[in-house]
$ cat entry-v2.tsv   # TSV, C-alpha atoms
chain	number	residue	atom	x	y	z
A	1	MET	CA	12.90	7.95	25.60
A	2	VAL	CA	11.62	10.21	28.39
A	3	ARG	CA	9.82	9.00	31.48
A	4	HIS	CA	8.47	10.88	34.49
A	5	VAL	CA	7.79	8.07	36.96
A	6	PRO	CA	9.37	4.60	37.20
A	7	TRP	CA	6.23	2.65	36.24
A	8	GLU	CA	5.41	4.54	33.03
A	9	GLY	CA	8.10	3.42	30.63
A	10	PRO	CA	7.80	2.69	26.91
A	11	HIS	CA	6.63	-0.90	27.40
A	12	ARG	CA	5.58	-2.27	23.98
A	13	ILE	CA	6.86	0.83	22.17
A	14	ALA	CA	10.43	-0.20	22.93
A	15	ALA	CA	10.07	-3.43	20.93
A	16	ALA	CA	9.10	-1.47	17.81
A	17	LEU	CA	12.26	0.62	18.21
A	18	ALA	CA	14.60	-2.32	18.76
A	19	ASP	CA	16.79	-1.31	15.80
A	20	PHE	CA	17.71	1.95	17.53
A	21	GLU	CA	19.90	2.71	20.51
A	22	LEU	CA	17.38	3.62	23.21
A	23	VAL	CA	18.45	6.11	25.86
A	24	GLU	CA	16.02	6.59	28.75
A	25	VAL	CA	15.97	9.87	30.68
A	26	ASP	CA	14.00	10.64	33.84
A	27	ALA	CA	12.98	14.20	33.01
A	28	LEU	CA	12.20	15.06	36.65
A	29	ALA	CA	15.38	13.71	38.21
A	30	PRO	CA	17.69	16.38	39.68
A	31	GLY	CA	20.22	17.41	37.07
A	32	ALA	CA	18.49	15.51	34.26
A	33	GLU	CA	19.93	16.29	30.84
A	34	LEU	CA	17.73	15.92	27.79
A	35	PRO	CA	19.67	14.98	24.64
A	36	GLU	CA	20.43	17.44	21.89
A	37	PRO	CA	17.74	17.23	19.18
A	38	GLY	CA	20.33	17.15	16.41
A	39	ARG	CA	21.60	13.77	17.66
A	40	LEU	CA	18.18	12.11	17.77
A	41	ALA	CA	16.40	9.92	15.24
A	42	GLY	CA	13.23	10.28	17.31
A	43	ALA	CA	11.82	11.04	20.74
A	44	VAL	CA	9.22	9.19	22.81
A	45	VAL	CA	7.76	10.96	25.84
A	46	MET	CA	5.65	8.91	28.24
A	47	GLY	CA	3.09	9.69	30.94
A	48	GLY	CA	2.91	10.40	34.63
A	49	PRO	CA	0.51	11.66	37.31
A	50	MET	CA	1.78	15.25	37.19
A	51	SER	CA	0.28	17.95	34.96
A	52	ALA	CA	1.67	19.49	31.80
A	53	ASN	CA	0.84	22.78	33.57
A	54	ASP	CA	3.25	22.04	36.43
A	55	ASP	CA	6.13	23.94	34.81
A	56	ARG	CA	6.22	26.49	37.65
A	57	ARG	CA	6.19	23.79	40.33
A	58	LEU	CA	8.49	21.32	38.59
A	59	PRO	CA	11.56	22.74	36.82
A	60	GLY	CA	11.89	19.51	34.85
A	61	ILE	CA	8.53	20.13	33.15
A	62	ALA	CA	9.59	23.65	32.17
A	63	ALA	CA	12.84	22.32	30.70
A	64	GLU	CA	10.98	19.57	28.88
A	65	LEU	CA	8.55	22.02	27.26
A	66	SER	CA	11.46	24.07	25.91
A	67	TRP	CA	13.15	20.88	24.70
A	68	ILE	CA	10.01	19.77	22.84
A	69	GLU	CA	9.89	23.15	21.10
A	70	ARG	CA	13.45	22.51	19.91
A	71	LEU	CA	12.54	19.00	18.76
A	72	LEU	CA	9.70	20.38	16.66
A	73	ALA	CA	11.93	23.06	15.15
A	74	ALA	CA	14.51	20.39	14.24
A	75	GLY	CA	11.93	18.06	12.65
A	76	VAL	CA	12.64	15.20	15.07
A	77	PRO	CA	9.90	12.53	14.99
A	78	TYR	CA	8.00	12.74	18.27
A	79	LEU	CA	5.59	10.34	19.94
A	80	GLY	CA	3.93	11.60	23.11
A	81	VAL	CA	1.75	9.29	25.20
A	82	CYS	CA	-0.74	10.65	27.77
A	83	LEU	CA	1.28	13.35	29.58
A	84	GLY	CA	3.64	13.27	26.61
A	85	SER	CA	0.77	14.27	24.31
A	86	GLN	CA	-0.28	17.05	26.67
A	87	LEU	CA	3.28	18.37	26.79
A	88	LEU	CA	3.39	18.37	22.99
A	89	ALA	CA	0.14	20.35	22.88
A	90	ARG	CA	1.45	22.90	25.39
A	91	ALA	CA	4.80	23.23	23.63
A	92	ALA	CA	2.86	23.98	20.43
A	93	GLY	CA	0.86	26.73	22.15
A	94	ALA	CA	-2.36	24.91	23.06
A	95	ALA	CA	-4.09	24.73	26.44
A	96	VAL	CA	-4.22	21.69	28.69
A	97	ARG	CA	-7.14	21.67	31.15
A	98	PRO	CA	-9.06	19.28	33.41
A	99	GLY	CA	-11.52	17.07	31.56
A	100	ALA	CA	-15.18	16.93	32.54
A	101	HIS	CA	-14.52	13.58	34.23
A	102	PRO	CA	-11.42	11.41	34.71
A	103	GLU	CA	-11.18	8.89	31.88
A	104	ILE	CA	-9.77	5.67	33.31
A	105	GLY	CA	-10.32	2.18	31.94
A	106	PHE	CA	-10.69	0.39	28.63
A	107	ALA	CA	-12.99	2.12	26.14
A	108	PRO	CA	-13.05	2.71	22.37
A	109	VAL	CA	-11.39	5.46	20.39
A	110	ARG	CA	-12.66	6.12	16.89
A	111	ALA	CA	-10.38	7.47	14.18
A	112	THR	CA	-11.41	10.66	12.43
A	113	PRO	CA	-11.32	10.70	8.60
A	114	GLU	CA	-7.82	12.20	8.90
A	115	GLY	CA	-6.90	9.49	11.39
A	116	GLU	CA	-7.94	6.78	8.96
A	117	ARG	CA	-5.27	8.12	6.59
A	118	ASP	CA	-2.62	8.81	9.21
A	119	PRO	CA	0.49	6.58	9.18
A	120	LEU	CA	0.09	5.74	12.90
A	121	VAL	CA	-3.56	6.03	13.82
A	122	ARG	CA	-4.91	4.19	10.78
A	123	ALA	CA	-3.67	1.03	12.53
A	124	LEU	CA	-6.42	1.67	15.11
A	125	ALA	CA	-9.14	2.58	12.59
A	126	PRO	CA	-12.01	2.61	12.45
A	127	GLU	CA	-12.25	1.89	16.18
A	128	THR	CA	-10.13	0.17	18.82
A	129	VAL	CA	-10.62	-0.37	22.54
A	130	VAL	CA	-7.64	1.22	24.30
A	131	LEU	CA	-6.59	1.96	27.87
A	132	HIS	CA	-7.37	5.48	29.11
A	133	TRP	CA	-5.79	6.91	32.24
A	134	HIS	CA	-5.99	10.70	32.39
A	135	GLY	CA	-7.80	13.55	34.11
A	136	GLU	CA	-6.70	16.36	31.79
A	137	VAL	CA	-7.27	16.95	28.10
A	138	PHE	CA	-5.62	19.16	25.49
A	139	GLU	CA	-6.94	21.70	23.06
A	140	LEU	CA	-5.87	21.13	19.47
A	141	PRO	CA	-2.74	23.16	18.65
A	142	ALA	CA	-2.88	25.58	15.73
A	143	GLY	CA	-2.14	23.72	12.51
A	144	ALA	CA	-2.60	20.28	14.10
A	145	VAL	CA	-4.87	17.55	12.75
A	146	SER	CA	-7.23	15.71	15.11
A	147	LEU	CA	-6.88	11.96	14.56
A	148	ALA	CA	-9.18	10.23	17.06
A	149	ALA	CA	-11.93	10.84	19.61
A	150	SER	CA	-13.68	8.99	22.42
A	151	GLU	CA	-17.12	9.35	23.91
A	152	LEU	CA	-15.77	11.65	26.64
A	153	THR	CA	-12.93	13.42	24.84
A	154	GLU	CA	-13.07	15.26	21.52
A	155	HIS	CA	-9.34	15.04	20.79
A	156	GLN	CA	-7.73	11.74	21.74
A	157	ALA	CA	-4.89	11.96	19.23
A	158	PHE	CA	-3.38	14.57	16.95
A	159	ARG	CA	-0.55	15.07	14.52
A	160	LEU	CA	1.48	18.25	14.25
A	161	GLY	CA	3.21	18.58	10.90
A	162	ASP	CA	4.11	15.19	9.47
A	163	ARG	CA	6.36	13.82	12.24
A	164	ALA	CA	4.91	14.68	15.68
A	165	TRP	CA	2.09	12.66	17.26
A	166	GLY	CA	0.25	12.97	20.54
A	167	LEU	CA	-1.79	10.01	21.85
A	168	LEU	CA	-3.78	10.73	25.00
A	169	PHE	CA	-4.49	7.01	25.43
A	170	HIS	CA	-2.23	4.01	26.01
A	171	ALA	CA	-1.99	1.86	22.89
A	172	GLU	CA	1.05	0.17	24.49
A	173	ALA	CA	-1.11	-1.37	27.22
A	174	ASP	CA	-1.50	-5.09	27.83
A	175	GLU	CA	-2.22	-7.33	30.80
A	176	GLU	CA	1.35	-7.04	32.09
A	177	LEU	CA	1.20	-3.24	32.07
A	178	VAL	CA	-2.16	-3.13	33.84
A	179	ALA	CA	-0.90	-5.52	36.53
A	180	GLN	CA	2.20	-3.37	37.01
A	181	TRP	CA	0.20	-0.18	37.37
A	182	LEU	CA	-2.19	-1.78	39.84
A	183	ARG	CA	0.78	-2.41	42.13
A	184	GLU	CA	1.42	1.34	42.36
A	185	PRO	CA	-0.42	3.15	45.19
A	186	VAL	CA	-0.94	6.37	43.22
A	187	MET	CA	-2.46	4.45	40.30
A	188	ARG	CA	-4.66	2.36	42.58
A	189	ARG	CA	-5.96	5.52	44.24
A	190	GLU	CA	-6.78	7.16	40.90
A	191	ALA	CA	-8.51	4.00	39.63
A	192	ARG	CA	-10.55	3.57	42.81
A	193	ASP	CA	-11.68	7.21	42.71
A	194	ALA	CA	-12.78	6.84	39.07
A	195	LEU	CA	-14.17	3.29	39.02
A	196	GLY	CA	-15.15	2.51	42.61
A	197	PRO	CA	-14.17	-0.40	44.87
A	198	GLN	CA	-14.31	-2.94	42.03
A	199	PHE	CA	-11.58	-1.09	40.08
A	200	GLU	CA	-9.04	-3.92	40.15
A	201	ARG	CA	-11.49	-6.55	38.95
A	202	LEU	CA	-12.84	-4.26	36.22
A	203	LEU	CA	-9.42	-3.29	34.86
A	204	THR	CA	-8.02	-6.82	35.01
A	205	ALA	CA	-11.05	-8.30	33.23
A	206	ALA	CA	-10.99	-5.60	30.54
A	207	ALA	CA	-7.27	-6.12	29.96
A	208	GLY	CA	-7.90	-9.83	29.47
A	209	ALA	CA	-10.66	-9.13	26.99
A	210	HIS	CA	-8.98	-6.43	24.91
A	211	ALA	CA	-5.20	-6.52	25.35
A	212	ALA	CA	-4.41	-8.97	22.54
A	213	GLU	CA	-6.25	-6.99	19.88
A	214	LEU	CA	-4.88	-3.70	21.22
A	215	ALA	CA	-1.34	-5.09	21.13
A	216	ARG	CA	-1.76	-6.22	17.53
A	217	ARG	CA	-3.04	-2.84	16.39
A	218	GLY	CA	-0.85	-0.78	18.68
A	219	ASP	CA	2.31	-2.54	17.55
A	220	ARG	CA	1.47	-1.66	13.94
A	221	ALA	CA	1.17	2.00	14.96
A	222	PHE	CA	4.49	1.94	16.79
A	223	ARG	CA	6.23	0.33	13.82
A	224	ALA	CA	4.96	3.21	11.70
A	225	PHE	CA	6.62	5.61	14.14
A	226	ALA	CA	9.80	3.56	13.89
A	227	ARG	CA	9.73	4.05	10.12
A	228	ALA	CA	9.55	7.82	10.61
A	229	CYS	CA	12.59	7.56	12.90
A	230	ALA	CA	14.44	5.47	10.31
A	231	GLU	CA	13.76	8.10	7.64
A	232	ARG	CA	15.17	10.76	9.96
A	233	ALA	CA	18.22	8.59	10.72
A	234	SER	CA	18.93	8.01	7.04
A	235	GLY	CA	19.00	11.73	6.47
A	236	MET	CA	21.46	12.21	9.34
A	237	SER	CA	24.00	9.68	8.00

$ encode --input "entry-v2.tsv" --output "structure tokens"
Amino acid sequence: MVRHVPWEGPHRIAAALADFELVEVDALAPGAELPEPGRLAGAVVMGGPMSANDDRRLPGIAAELSWIERLLAAGVPYLGVCLGSQLLARAAGAAVRPGAHPEIGFAPVRATPEGERDPLVRALAPETVVLHWHGEVFELPAGAVSLAASELTEHQAFRLGDRAWGLLFHAEADEELVAQWLREPVMRREARDALGPQFERLLTAAAGAHAAELARRGDRAFRAFARACAERASGMS
């Protein structure tokens, strides 16, 4: 389980992986050591305010991109959320660039026909209101399958091979997560810039309206990822 800032941990994803030993690594901490792919049943990489293109500025991002390449080569199930999805795209050779507008707040994603058949994203089909919080988007890597889109973003989710998923949105979000993020100055600044002075009221109200349904659907998706990890673990024993 990889995080980049203290407030963007696995949240609801961790509950779906309760049968596994979870090891959390701060990828940007000095001297951080990412685990050997051969020892892993799966990898979850979370978000953060930095860019997937910051590999020259942040050595930890450069190391993480190389590590993700090794995960893919080893067939380790991978779930990347927000920045984690962008890092997956970059590690697979695709571009990450600024979106036309920051996408922050609760809004629908609609599954593509491939997404409706996907083990994870079909839990969100045909459409689910999710939490968005990003300014950059990814191109689709070669050989990847686009799984979902939003009004602003063509590729909101993709699968690479049969075990690596990138979700640009936050299906792990609920009222607790939104409240936690709104206590962080960097998140408050981003939300105010995108939504205006009523950002806190808008996000809190939307979380109250949509979090229960998102949790129900999101948890189903995360349990599907846990099954992929269990299949990997059974092959390692």

$ closest_residue --input "entry-v2.tsv" --among "A:Arg56, A:Arg183, A:Leu147, A:Ala171" --to "A:Asp219" --atoms "all atoms listed in the file"
A:Ala171

$ closest_atom_pairs --input "entry-v2.tsv" --of "stretch 71-131 of chain A" --to "stretch 226-233 of chain A" --cutoff "12 Å" --atoms "all atoms listed in the file" --output "CSV"
residue,atom,partner,partner_atom,distance
A:Ala74,CA,A:Arg232,CA,10.6
A:Gly75,CA,A:Arg232,CA,8.4
A:Val76,CA,A:Arg232,CA,7.2
A:Pro77,CA,A:Cys229,CA,6.0
A:Tyr78,CA,A:Cys229,CA,8.8
A:Leu79,CA,A:Ala226,CA,10.0
A:Pro119,CA,A:Ala228,CA,9.3
A:Leu120,CA,A:Ala228,CA,10.0

$ atom_distance --input "entry-v2.tsv" --atom1 "atom CA of A:Gly38" --atom2 "atom CA of A:Arg70"
9.4 Å

$ axis_aligned_box --input "entry-v2.tsv" --around "stretch 170-186 of chain A" --padding-each-side "8 Å" --output "AutoDock Vina command-line options"
--center_x 0.0 --center_y -0.5 --center_z 34.0 --size_x 20.4 --size_y 29.7 --size_z 38.3

$ residues_around --input "entry-v2.tsv" --residues "A:Arg122" --least-positions-apart "6" --cutoff "8 Å" --atoms "all atoms listed in the file" --output "list in words"
Ala111, Gly115, Glu116 and Ala221 of chain A

$ residues_around --input "entry-v2.tsv" --residues "A:Ala164" --least-positions-apart "4" --cutoff "12 Å" --atoms "only C-alpha atoms" --output "JSON, numbers by chain"
{"A": [42, 43, 44, 45, 68, 69, 71, 72, 73, 74, 75, 76, 77, 78, 79, 80, 81, 84, 85, 87, 88, 89, 91, 92, 118, 119, 120, 141, 143, 144, 145, 157, 158, 159, 160, 225, 228, 229]}

$ residues_around --input "entry-v2.tsv" --residues "A:Ala14" --least-positions-apart "4" --cutoff "9 Å" --atoms "only C-alpha atoms" --output "PyMOL selection string"
chain A and resi 1+9-10+18+22+222

$ residues_near_point --input "entry-v2.tsv" --point "(3.3, 18.4, 28.1)" --cutoff "12 Å" --atoms "all atoms listed in the file" --output "ChimeraX atom specification"
/A:2-4,27,45-55,60-69,79-97,136-139,166-168

$ build_atoms --input "entry-v2.tsv" --residues "stretch 162-188 of chain A" --atoms "N, CA and C atoms" --output "mmCIF file, in the frame of the given file"
data_model
loop_
_atom_site.group_PDB
_atom_site.id
_atom_site.type_symbol
_atom_site.label_atom_id
_atom_site.label_comp_id
_atom_site.auth_asym_id
_atom_site.auth_seq_id
_atom_site.Cartn_x
_atom_site.Cartn_y
_atom_site.Cartn_z
ATOM 1 N N ASP A 162 4.188 16.574 9.963
ATOM 2 C CA ASP A 162 4.110 15.190 9.470
ATOM 3 C C ASP A 162 4.948 14.227 10.302
ATOM 4 N N ARG A 163 5.484 14.692 11.467
ATOM 5 C CA ARG A 163 6.360 13.820 12.240
ATOM 6 C C ARG A 163 6.127 13.847 13.743
ATOM 7 N N ALA A 164 5.133 14.580 14.235
ATOM 8 C CA ALA A 164 4.910 14.680 15.680
ATOM 9 C C ALA A 164 3.498 14.232 16.002
ATOM 10 N N TRP A 165 3.392 13.238 16.881
ATOM 11 C CA TRP A 165 2.090 12.660 17.260
ATOM 12 C C TRP A 165 1.885 12.741 18.760
ATOM 13 N N GLY A 166 0.667 13.040 19.153
ATOM 14 C CA GLY A 166 0.250 12.970 20.540
ATOM 15 C C GLY A 166 -0.897 11.994 20.693
ATOM 16 N N LEU A 167 -0.742 11.000 21.554
ATOM 17 C CA LEU A 167 -1.790 10.010 21.850
ATOM 18 C C LEU A 167 -2.150 10.150 23.318
ATOM 19 N N LEU A 168 -3.366 10.570 23.610
ATOM 20 C CA LEU A 168 -3.780 10.730 25.000
ATOM 21 C C LEU A 168 -3.964 9.384 25.682
ATOM 22 N N PHE A 169 -4.229 8.351 24.912
ATOM 23 C CA PHE A 169 -4.490 7.010 25.430
ATOM 24 C C PHE A 169 -3.234 6.146 25.382
ATOM 25 N N HIS A 170 -3.364 4.928 25.905
ATOM 26 C CA HIS A 170 -2.230 4.010 26.010
ATOM 27 C C HIS A 170 -2.420 2.829 25.061
ATOM 28 N N ALA A 171 -1.942 2.977 23.836
ATOM 29 C CA ALA A 171 -1.990 1.860 22.890
ATOM 30 C C ALA A 171 -0.919 0.820 23.197
ATOM 31 N N GLU A 172 0.005 1.129 24.098
ATOM 32 C CA GLU A 172 1.050 0.170 24.490
ATOM 33 C C GLU A 172 0.595 -0.760 25.601
ATOM 34 N N ALA A 173 -0.648 -0.610 26.058
ATOM 35 C CA ALA A 173 -1.110 -1.370 27.220
ATOM 36 C C ALA A 173 -1.378 -2.827 26.898
ATOM 37 N N ASP A 174 -1.127 -3.672 27.873
ATOM 38 C CA ASP A 174 -1.500 -5.090 27.830
ATOM 39 C C ASP A 174 -1.708 -5.546 29.268
ATOM 40 N N GLU A 175 -1.941 -6.822 29.457
ATOM 41 C CA GLU A 175 -2.220 -7.330 30.800
ATOM 42 C C GLU A 175 -1.043 -7.108 31.751
ATOM 43 N N GLU A 176 0.168 -7.254 31.248
ATOM 44 C CA GLU A 176 1.350 -7.040 32.090
ATOM 45 C C GLU A 176 1.411 -5.596 32.584
ATOM 46 N N LEU A 177 1.147 -4.647 31.688
ATOM 47 C CA LEU A 177 1.200 -3.240 32.070
ATOM 48 C C LEU A 177 0.127 -2.916 33.105
ATOM 49 N N VAL A 178 -1.090 -3.395 32.889
ATOM 50 C CA VAL A 178 -2.160 -3.130 33.840
ATOM 51 C C VAL A 178 -1.817 -3.704 35.217
ATOM 52 N N ALA A 179 -1.286 -4.918 35.256
ATOM 53 C CA ALA A 179 -0.900 -5.520 36.530
ATOM 54 C C ALA A 179 0.183 -4.693 37.227
ATOM 55 N N GLN A 180 1.127 -4.194 36.451
ATOM 56 C CA GLN A 180 2.200 -3.370 37.010
ATOM 57 C C GLN A 180 1.637 -2.086 37.610
ATOM 58 N N TRP A 181 0.768 -1.429 36.868
ATOM 59 C CA TRP A 181 0.200 -0.180 37.370
ATOM 60 C C TRP A 181 -0.649 -0.397 38.611
ATOM 61 N N LEU A 182 -1.335 -1.518 38.679
ATOM 62 C CA LEU A 182 -2.190 -1.780 39.840
ATOM 63 C C LEU A 182 -1.373 -2.118 41.092
ATOM 64 N N ARG A 183 -0.081 -2.252 40.951
ATOM 65 C CA ARG A 183 0.780 -2.410 42.130
ATOM 66 C C ARG A 183 1.250 -1.065 42.683
ATOM 67 N N GLU A 184 0.964 0.022 41.954
ATOM 68 C CA GLU A 184 1.420 1.340 42.360
ATOM 69 C C GLU A 184 0.324 2.068 43.147
ATOM 70 N N PRO A 185 0.613 2.515 44.372
ATOM 71 C CA PRO A 185 -0.420 3.150 45.190
ATOM 72 C C PRO A 185 -1.101 4.342 44.521
ATOM 73 N N VAL A 186 -0.329 5.189 43.840
ATOM 74 C CA VAL A 186 -0.940 6.370 43.220
ATOM 75 C C VAL A 186 -1.915 5.961 42.120
ATOM 76 N N MET A 187 -1.579 4.905 41.371
ATOM 77 C CA MET A 187 -2.460 4.450 40.300
ATOM 78 C C MET A 187 -3.703 3.766 40.884
ATOM 79 N N ARG A 188 -3.514 3.002 41.929
ATOM 80 C CA ARG A 188 -4.660 2.360 42.580
ATOM 81 C C ARG A 188 -5.631 3.411 43.110
#
